[in-house]
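Reproduced below: target.csv, with CSV, N, CA and C atoms.
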```csv
chain,number,residue,atom,x,y,z
A,935,MET,N,-48.1,-72.5,-49.1
A,935,MET,CA,-48.6,-72.8,-47.7
A,935,MET,C,-47.7,-73.8,-47.1
A,936,ARG,N,-47.1,-73.4,-46.0
A,936,ARG,CA,-46.2,-74.3,-45.3
A,936,ARG,C,-47.0,-75.3,-44.5
A,937,ARG,N,-46.6,-76.5,-44.6
A,937,ARG,CA,-47.3,-77.6,-43.8
A,937,ARG,C,-46.2,-78.3,-43.0
A,938,SER,N,-46.6,-78.7,-41.8
A,938,SER,CA,-45.7,-79.5,-40.9
A,938,SER,C,-46.2,-81.0,-40.9
A,939,TRP,N,-45.2,-81.9,-41.1
A,939,TRP,CA,-45.5,-83.3,-41.1
A,939,TRP,C,-44.7,-84.0,-40.0
A,940,GLN,N,-45.4,-84.9,-39.3
A,940,GLN,CA,-44.7,-85.7,-38.3
A,940,GLN,C,-43.8,-86.7,-39.1
A,941,LEU,N,-42.7,-87.1,-38.6
A,941,LEU,CA,-41.8,-88.0,-39.4
A,941,LEU,C,-42.5,-89.2,-39.9
A,942,GLN,N,-43.2,-89.9,-39.0
A,942,GLN,CA,-43.9,-91.2,-39.4
A,942,GLN,C,-44.9,-90.9,-40.5
A,943,THR,N,-45.6,-89.8,-40.4
A,943,THR,CA,-46.6,-89.5,-41.5
A,943,THR,C,-45.9,-89.2,-42.8
A,944,ALA,N,-44.8,-88.5,-42.7
A,944,ALA,CA,-44.0,-88.1,-43.9
A,944,ALA,C,-43.5,-89.4,-44.6
A,945,LYS,N,-43.0,-90.4,-43.8
A,945,LYS,CA,-42.5,-91.6,-44.4
A,945,LYS,C,-43.7,-92.4,-45.0
A,946,ASN,N,-44.8,-92.4,-44.4
A,946,ASN,CA,-45.9,-93.2,-44.9
A,946,ASN,C,-46.6,-92.5,-46.1
A,947,HIS,N,-46.4,-91.2,-46.3
A,947,HIS,CA,-47.1,-90.4,-47.4
A,947,HIS,C,-46.0,-89.6,-48.1
A,948,PHE,N,-44.9,-90.2,-48.4
A,948,PHE,CA,-43.8,-89.5,-49.0
A,948,PHE,C,-44.1,-88.9,-50.4
A,949,SER,N,-44.9,-89.6,-51.2
A,949,SER,CA,-45.3,-89.1,-52.5
A,949,SER,C,-46.1,-87.8,-52.3
A,950,GLU,N,-47.0,-87.9,-51.4
A,950,GLU,CA,-47.9,-86.7,-51.1
A,950,GLU,C,-47.1,-85.5,-50.6
A,951,LEU,N,-46.1,-85.8,-49.7
A,951,LEU,CA,-45.2,-84.8,-49.2
A,951,LEU,C,-44.5,-84.1,-50.4
A,952,VAL,N,-43.9,-84.9,-51.3
A,952,VAL,CA,-43.2,-84.3,-52.4
A,952,VAL,C,-44.2,-83.5,-53.3
A,953,ASP,N,-45.4,-84.0,-53.6
A,953,ASP,CA,-46.4,-83.3,-54.4
A,953,ASP,C,-46.7,-81.9,-53.7
A,954,GLU,N,-46.9,-81.9,-52.4
A,954,GLU,CA,-47.2,-80.7,-51.7
A,954,GLU,C,-46.0,-79.7,-51.8
A,955,ALA,N,-44.8,-80.2,-51.7
A,955,ALA,CA,-43.7,-79.3,-51.8
A,955,ALA,C,-43.6,-78.7,-53.2
A,956,LEU,N,-43.9,-79.5,-54.2
A,956,LEU,CA,-43.9,-79.0,-55.6
A,956,LEU,C,-45.0,-78.0,-55.8
A,957,ARG,N,-46.2,-78.2,-55.3
A,957,ARG,CA,-47.4,-77.4,-55.5
A,957,ARG,C,-47.4,-76.2,-54.6
A,958,LYS,N,-47.2,-76.4,-53.4
A,958,LYS,CA,-47.4,-75.3,-52.4
A,958,LYS,C,-46.2,-74.8,-51.7
A,959,GLY,N,-45.0,-75.3,-52.0
A,959,GLY,CA,-43.8,-74.8,-51.4
A,959,GLY,C,-43.3,-75.6,-50.3
A,960,LEU,N,-42.4,-75.0,-49.5
A,960,LEU,CA,-41.6,-75.7,-48.5
A,960,LEU,C,-42.5,-76.5,-47.5
A,961,GLN,N,-42.1,-77.7,-47.2
A,961,GLN,CA,-42.8,-78.5,-46.2
A,961,GLN,C,-41.8,-78.9,-45.1
A,962,THR,N,-42.3,-78.8,-43.8
A,962,THR,CA,-41.4,-79.1,-42.7
A,962,THR,C,-41.7,-80.5,-42.2
A,963,VAL,N,-40.7,-81.2,-41.8
A,963,VAL,CA,-40.9,-82.5,-41.2
A,963,VAL,C,-40.4,-82.4,-39.7
A,964,THR,N,-41.2,-82.9,-38.8
A,964,THR,CA,-40.8,-82.8,-37.4
A,964,THR,C,-40.4,-84.1,-36.9
A,965,ARG,N,-39.6,-84.1,-35.8
A,965,ARG,CA,-39.1,-85.3,-35.2
A,965,ARG,C,-39.2,-85.1,-33.7
A,966,HIS,N,-39.9,-85.9,-33.0
A,966,HIS,CA,-40.1,-85.7,-31.5
A,966,HIS,C,-40.7,-84.3,-31.2
A,967,GLY,N,-41.6,-83.8,-32.1
A,967,GLY,CA,-42.2,-82.6,-31.9
A,967,GLY,C,-41.5,-81.3,-32.2
A,968,ARG,N,-40.3,-81.5,-32.8
A,968,ARG,CA,-39.4,-80.3,-33.2
A,968,ARG,C,-39.1,-80.4,-34.6
A,969,ASP,N,-39.0,-79.2,-35.3
A,969,ASP,CA,-38.7,-79.1,-36.7
A,969,ASP,C,-37.3,-79.8,-36.9
A,970,ALA,N,-37.3,-80.7,-37.9
A,970,ALA,CA,-36.1,-81.4,-38.1
A,970,ALA,C,-35.5,-81.1,-39.5
A,971,VAL,N,-36.3,-81.2,-40.5
A,971,VAL,CA,-35.9,-81.0,-41.9
A,971,VAL,C,-37.0,-80.3,-42.7
A,972,VAL,N,-36.6,-79.8,-43.9
A,972,VAL,CA,-37.6,-79.2,-44.8
A,972,VAL,C,-37.4,-80.0,-46.1
A,973,VAL,N,-38.5,-80.0,-46.9
A,973,VAL,CA,-38.6,-80.6,-48.2
A,973,VAL,C,-39.0,-79.4,-49.1
A,974,LEU,N,-38.3,-79.2,-50.2
A,974,LEU,CA,-38.6,-78.1,-51.1
A,974,LEU,C,-38.3,-78.5,-52.5
A,975,SER,N,-38.9,-77.9,-53.5
A,975,SER,CA,-38.6,-78.2,-54.9
A,975,SER,C,-37.2,-77.8,-55.3
A,976,VAL,N,-36.7,-78.4,-56.3
A,976,VAL,CA,-35.4,-78.1,-56.9
A,976,VAL,C,-35.4,-76.7,-57.3
A,977,GLU,N,-36.5,-76.2,-57.8
A,977,GLU,CA,-36.5,-74.8,-58.3
A,977,GLU,C,-36.3,-73.8,-57.1
A,978,GLU,N,-37.0,-74.1,-56.0
A,978,GLU,CA,-36.8,-73.2,-54.8
A,978,GLU,C,-35.4,-73.4,-54.2
A,979,TYR,N,-34.9,-74.6,-54.2
A,979,TYR,CA,-33.5,-74.9,-53.7
A,979,TYR,C,-32.5,-74.1,-54.6
A,980,SER,N,-32.7,-74.1,-55.9
A,980,SER,CA,-31.8,-73.4,-56.8
A,980,SER,C,-31.7,-71.9,-56.5
A,981,LYS,N,-32.9,-71.4,-56.2
A,981,LYS,CA,-32.9,-69.9,-55.8
A,981,LYS,C,-32.1,-69.6,-54.6
A,982,LEU,N,-32.1,-70.6,-53.7
A,982,LEU,CA,-31.4,-70.4,-52.4
A,982,LEU,C,-29.9,-70.4,-52.6
A,983,ILE,N,-29.4,-71.3,-53.4
A,983,ILE,CA,-28.0,-71.5,-53.6
A,983,ILE,C,-27.4,-70.7,-54.7
A,984,LYS,N,-28.2,-70.0,-55.5
A,984,LYS,CA,-27.7,-69.2,-56.6
A,984,LYS,C,-26.7,-68.2,-56.0
A,985,PRO,N,-25.5,-68.2,-56.6
A,985,PRO,CA,-24.5,-67.2,-56.1
A,985,PRO,C,-25.1,-65.8,-56.3
A,986,LYS,N,-24.8,-64.9,-55.3
A,986,LYS,CA,-25.2,-63.5,-55.4
A,986,LYS,C,-24.2,-62.8,-56.3
A,987,ALA,N,-24.8,-61.9,-57.1
A,987,ALA,CA,-23.9,-61.1,-58.0
A,987,ALA,C,-23.1,-60.1,-57.2
A,988,GLY,N,-21.9,-59.9,-57.6
A,988,GLY,CA,-21.1,-58.9,-56.9
A,988,GLY,C,-21.5,-57.5,-57.4
A,989,LEU,N,-20.8,-56.5,-56.8
A,989,LEU,CA,-21.2,-55.1,-57.2
A,989,LEU,C,-21.0,-54.8,-58.7
A,990,VAL,N,-19.9,-55.3,-59.2
A,990,VAL,CA,-19.6,-55.0,-60.6
A,990,VAL,C,-20.7,-55.6,-61.5
A,991,GLU,N,-21.1,-56.9,-61.2
A,991,GLU,CA,-22.1,-57.5,-62.0
A,991,GLU,C,-23.4,-56.8,-61.8
A,992,PHE,N,-23.7,-56.4,-60.6
A,992,PHE,CA,-25.0,-55.7,-60.3
A,992,PHE,C,-25.0,-54.4,-61.1
A,993,LEU,N,-24.0,-53.6,-61.1
A,993,LEU,CA,-23.9,-52.4,-61.9
A,993,LEU,C,-24.0,-52.6,-63.4
A,994,SER,N,-23.3,-53.7,-63.8
A,994,SER,CA,-23.3,-54.0,-65.3
A,994,SER,C,-24.7,-54.4,-65.8
A,995,ASP,N,-25.5,-55.0,-64.9
A,995,ASP,CA,-26.8,-55.4,-65.3
A,995,ASP,C,-27.9,-54.3,-65.1
A,996,SER,N,-27.5,-53.2,-64.5
A,996,SER,CA,-28.4,-52.2,-64.2
A,996,SER,C,-29.1,-51.6,-65.4
A,997,PRO,N,-30.4,-51.3,-65.3
A,997,PRO,CA,-31.1,-50.7,-66.4
A,997,PRO,C,-30.6,-49.2,-66.6
A,998,LEU,N,-29.9,-48.7,-65.7
A,998,LEU,CA,-29.3,-47.3,-65.8
A,998,LEU,C,-27.9,-47.3,-66.4
A,999,LYS,N,-27.4,-48.5,-66.8
A,999,LYS,CA,-26.1,-48.6,-67.4
A,999,LYS,C,-26.0,-47.6,-68.6
A,1000,GLY,N,-25.0,-46.8,-68.6
A,1000,GLY,CA,-24.8,-45.9,-69.8
A,1000,GLY,C,-25.4,-44.5,-69.6
A,1001,VAL,N,-26.2,-44.3,-68.5
A,1001,VAL,CA,-26.7,-43.0,-68.2
A,1001,VAL,C,-25.6,-42.1,-67.8
A,1002,GLU,N,-25.6,-40.9,-68.3
A,1002,GLU,CA,-24.6,-39.9,-67.9
A,1002,GLU,C,-25.0,-39.3,-66.6
A,1003,LEU,N,-24.2,-39.3,-65.6
A,1003,LEU,CA,-24.4,-38.7,-64.3
A,1003,LEU,C,-23.6,-37.5,-64.1
A,1004,ASP,N,-24.1,-36.4,-63.5
A,1004,ASP,CA,-23.3,-35.2,-63.2
A,1004,ASP,C,-22.8,-35.4,-61.8
A,1005,LEU,N,-21.5,-35.7,-61.7
A,1005,LEU,CA,-20.9,-36.0,-60.5
A,1005,LEU,C,-20.0,-34.9,-60.0
A,1006,GLU,N,-20.2,-33.7,-60.5
A,1006,GLU,CA,-19.4,-32.5,-60.1
A,1006,GLU,C,-19.9,-32.1,-58.7
A,1007,ARG,N,-19.0,-31.8,-57.8
A,1007,ARG,CA,-19.3,-31.4,-56.5
A,1007,ARG,C,-19.6,-29.9,-56.5
A,1008,ASP,N,-20.6,-29.5,-55.8
A,1008,ASP,CA,-20.9,-28.1,-55.6
A,1008,ASP,C,-19.8,-27.4,-54.9
A,1009,GLN,N,-19.2,-26.4,-55.4
A,1009,GLN,CA,-18.1,-25.7,-54.8
A,1009,GLN,C,-18.5,-24.6,-53.8
A,1010,GLU,N,-19.8,-24.3,-53.7
A,1010,GLU,CA,-20.2,-23.3,-52.8
A,1010,GLU,C,-19.9,-23.6,-51.4
A,1011,SER,N,-19.7,-22.6,-50.5
A,1011,SER,CA,-19.4,-22.9,-49.2
A,1011,SER,C,-20.6,-23.5,-48.5
A,1012,SER,N,-20.3,-24.2,-47.4
A,1012,SER,CA,-21.4,-24.8,-46.7
A,1012,SER,C,-22.2,-23.8,-45.9
A,1013,ARG,N,-23.4,-24.1,-45.6
A,1013,ARG,CA,-24.3,-23.2,-44.8
A,1013,ARG,C,-24.0,-23.3,-43.3
A,1014,GLU,N,-24.3,-22.2,-42.6
A,1014,GLU,CA,-24.1,-22.2,-41.2
A,1014,GLU,C,-25.3,-22.9,-40.5
A,1015,VAL,N,-24.9,-23.7,-39.5
A,1015,VAL,CA,-26.0,-24.5,-38.8
A,1015,VAL,C,-25.7,-24.2,-37.3
A,1016,SER,N,-26.8,-23.8,-36.6
A,1016,SER,CA,-26.7,-23.6,-35.2
A,1016,SER,C,-26.9,-24.9,-34.4
A,1017,LEU,N,-26.0,-25.1,-33.5
A,1017,LEU,CA,-26.1,-26.3,-32.7
A,1017,LEU,C,-26.6,-26.1,-31.3
```
Please render this file's structure as structure tokens.
Amino acid sequence: MRRSWQLQTAKNHFSELVDEALRKGLQTVTRHGRDAVVVLSVEEYSKLIKPKAGLVEFLSDSPLKGVELDLERDQESSREVSL
């Protein structure tokens, strides 16, 4: 559950802010009525900055790795389509 904290409240209740971020997820701190920063757990932050796998890694980790595929192209002529 995302909660919004005014900056002064966040400063006065910083421990509570951190606890909420750990238990409930991202917390927003506002300044002059506008979103300014977010507080989130290291676990959530790590998910955000984790490098995305490239295509080779994605295919290497696939549960279908090693499955034989029939990649032969059908040599029959194409069908006629009226436009």
Near-segment 964-971 of chain A list (5 Å; all atoms listed in the file; drop same-chain fewer than 6 positions) as an mmCIF file with N, CA and C atoms, keeping the file's coordinate frame:
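That gives us part_31.cif:
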```cif
data_model
loop_
_atom_site.group_PDB
_atom_site.id
_atom_site.type_symbol
_atom_site.label_atom_id
_atom_site.label_comp_id
_atom_site.auth_asym_id
_atom_site.auth_seq_id
_atom_site.Cartn_x
_atom_site.Cartn_y
_atom_site.Cartn_z
ATOM 1 N N TRP A 939 -45.200 -81.900 -41.100
ATOM 2 C CA TRP A 939 -45.500 -83.300 -41.100
ATOM 3 C C TRP A 939 -44.700 -84.000 -40.000
ATOM 4 N N GLN A 940 -45.400 -84.900 -39.300
ATOM 5 C CA GLN A 940 -44.700 -85.700 -38.300
ATOM 6 C C GLN A 940 -43.800 -86.700 -39.100
ATOM 7 N N LEU A 941 -42.700 -87.100 -38.600
ATOM 8 C CA LEU A 941 -41.800 -88.000 -39.400
ATOM 9 C C LEU A 941 -42.500 -89.200 -39.900
#
```
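Using all atoms listed in the file for every distance, the candidate list A:Val1001, A:Ser975, A:Ala944, A:Asp995 yields A:Ser975 as the residue closest to Arg957 of chain A.
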In chain A, DSSP helix (DSSP H, G or I) residues written as a VMD selection string: chain A and resid 941 to 946 948 to 958 976 to 983 989 to 994
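Around the coordinate (-49.8, -78.9, -46.7), residues that reach within 12 Å when counting only C-alpha atoms are Met935, Arg936, Arg937, Ser938, Trp939, Gln940, Ala944, His947, Glu950, Leu951, Val952, Asp953, Glu954, Ala955, Leu956, Arg957, Lys958, Gly959, Leu960, Gln961, Thr962, Val963 and Val973 of chain A.
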Selected residues written out, N, CA and C atoms, as an mmCIF file, in the frame of the given file:
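Just written: again.cif:
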```cif
data_model
loop_
_atom_site.group_PDB
_atom_site.id
_atom_site.type_symbol
_atom_site.label_atom_id
_atom_site.label_comp_id
_atom_site.auth_asym_id
_atom_site.auth_seq_id
_atom_site.Cartn_x
_atom_site.Cartn_y
_atom_site.Cartn_z
ATOM 1 N N MET A 935 -48.100 -72.500 -49.100
ATOM 2 C CA MET A 935 -48.600 -72.800 -47.700
ATOM 3 C C MET A 935 -47.700 -73.800 -47.100
ATOM 4 N N ARG A 936 -47.100 -73.400 -46.000
ATOM 5 C CA ARG A 936 -46.200 -74.300 -45.300
ATOM 6 C C ARG A 936 -47.000 -75.300 -44.500
ATOM 7 N N ARG A 937 -46.600 -76.500 -44.600
ATOM 8 C CA ARG A 937 -47.300 -77.600 -43.800
ATOM 9 C C ARG A 937 -46.200 -78.300 -43.000
ATOM 10 N N SER A 938 -46.600 -78.700 -41.800
ATOM 11 C CA SER A 938 -45.700 -79.500 -40.900
ATOM 12 C C SER A 938 -46.200 -81.000 -40.900
ATOM 13 N N TRP A 939 -45.200 -81.900 -41.100
ATOM 14 C CA TRP A 939 -45.500 -83.300 -41.100
ATOM 15 C C TRP A 939 -44.700 -84.000 -40.000
ATOM 16 N N GLN A 940 -45.400 -84.900 -39.300
ATOM 17 C CA GLN A 940 -44.700 -85.700 -38.300
ATOM 18 C C GLN A 940 -43.800 -86.700 -39.100
ATOM 19 N N ALA A 944 -44.800 -88.500 -42.700
ATOM 20 C CA ALA A 944 -44.000 -88.100 -43.900
ATOM 21 C C ALA A 944 -43.500 -89.400 -44.600
ATOM 22 N N HIS A 947 -46.400 -91.200 -46.300
ATOM 23 C CA HIS A 947 -47.100 -90.400 -47.400
ATOM 24 C C HIS A 947 -46.000 -89.600 -48.100
ATOM 25 N N GLU A 950 -47.000 -87.900 -51.400
ATOM 26 C CA GLU A 950 -47.900 -86.700 -51.100
ATOM 27 C C GLU A 950 -47.100 -85.500 -50.600
ATOM 28 N N LEU A 951 -46.100 -85.800 -49.700
ATOM 29 C CA LEU A 951 -45.200 -84.800 -49.200
ATOM 30 C C LEU A 951 -44.500 -84.100 -50.400
ATOM 31 N N VAL A 952 -43.900 -84.900 -51.300
ATOM 32 C CA VAL A 952 -43.200 -84.300 -52.400
ATOM 33 C C VAL A 952 -44.200 -83.500 -53.300
ATOM 34 N N ASP A 953 -45.400 -84.000 -53.600
ATOM 35 C CA ASP A 953 -46.400 -83.300 -54.400
ATOM 36 C C ASP A 953 -46.700 -81.900 -53.700
ATOM 37 N N GLU A 954 -46.900 -81.900 -52.400
ATOM 38 C CA GLU A 954 -47.200 -80.700 -51.700
ATOM 39 C C GLU A 954 -46.000 -79.700 -51.800
ATOM 40 N N ALA A 955 -44.800 -80.200 -51.700
ATOM 41 C CA ALA A 955 -43.700 -79.300 -51.800
ATOM 42 C C ALA A 955 -43.600 -78.700 -53.200
ATOM 43 N N LEU A 956 -43.900 -79.500 -54.200
ATOM 44 C CA LEU A 956 -43.900 -79.000 -55.600
ATOM 45 C C LEU A 956 -45.000 -78.000 -55.800
ATOM 46 N N ARG A 957 -46.200 -78.200 -55.300
ATOM 47 C CA ARG A 957 -47.400 -77.400 -55.500
ATOM 48 C C ARG A 957 -47.400 -76.200 -54.600
ATOM 49 N N LYS A 958 -47.200 -76.400 -53.400
ATOM 50 C CA LYS A 958 -47.400 -75.300 -52.400
ATOM 51 C C LYS A 958 -46.200 -74.800 -51.700
ATOM 52 N N GLY A 959 -45.000 -75.300 -52.000
ATOM 53 C CA GLY A 959 -43.800 -74.800 -51.400
ATOM 54 C C GLY A 959 -43.300 -75.600 -50.300
ATOM 55 N N LEU A 960 -42.400 -75.000 -49.500
ATOM 56 C CA LEU A 960 -41.600 -75.700 -48.500
ATOM 57 C C LEU A 960 -42.500 -76.500 -47.500
ATOM 58 N N GLN A 961 -42.100 -77.700 -47.200
ATOM 59 C CA GLN A 961 -42.800 -78.500 -46.200
ATOM 60 C C GLN A 961 -41.800 -78.900 -45.100
ATOM 61 N N THR A 962 -42.300 -78.800 -43.800
ATOM 62 C CA THR A 962 -41.400 -79.100 -42.700
ATOM 63 C C THR A 962 -41.700 -80.500 -42.200
ATOM 64 N N VAL A 963 -40.700 -81.200 -41.800
ATOM 65 C CA VAL A 963 -40.900 -82.500 -41.200
ATOM 66 C C VAL A 963 -40.400 -82.400 -39.700
ATOM 67 N N VAL A 973 -38.500 -80.000 -46.900
ATOM 68 C CA VAL A 973 -38.600 -80.600 -48.200
ATOM 69 C C VAL A 973 -39.000 -79.400 -49.100
#
```
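We find atom N of Glu1002 of chain A and atom CA of Leu989 of chain A to be spaced 18.6 Å apart.
If you look at atom C of Lys945 of chain A and atom N of Ser980 of chain A, they are 24.0 Å away from each other.
The coordinates place atom C of Phe948 of chain A at 12.1 Å from atom C of Leu974 of chain A.
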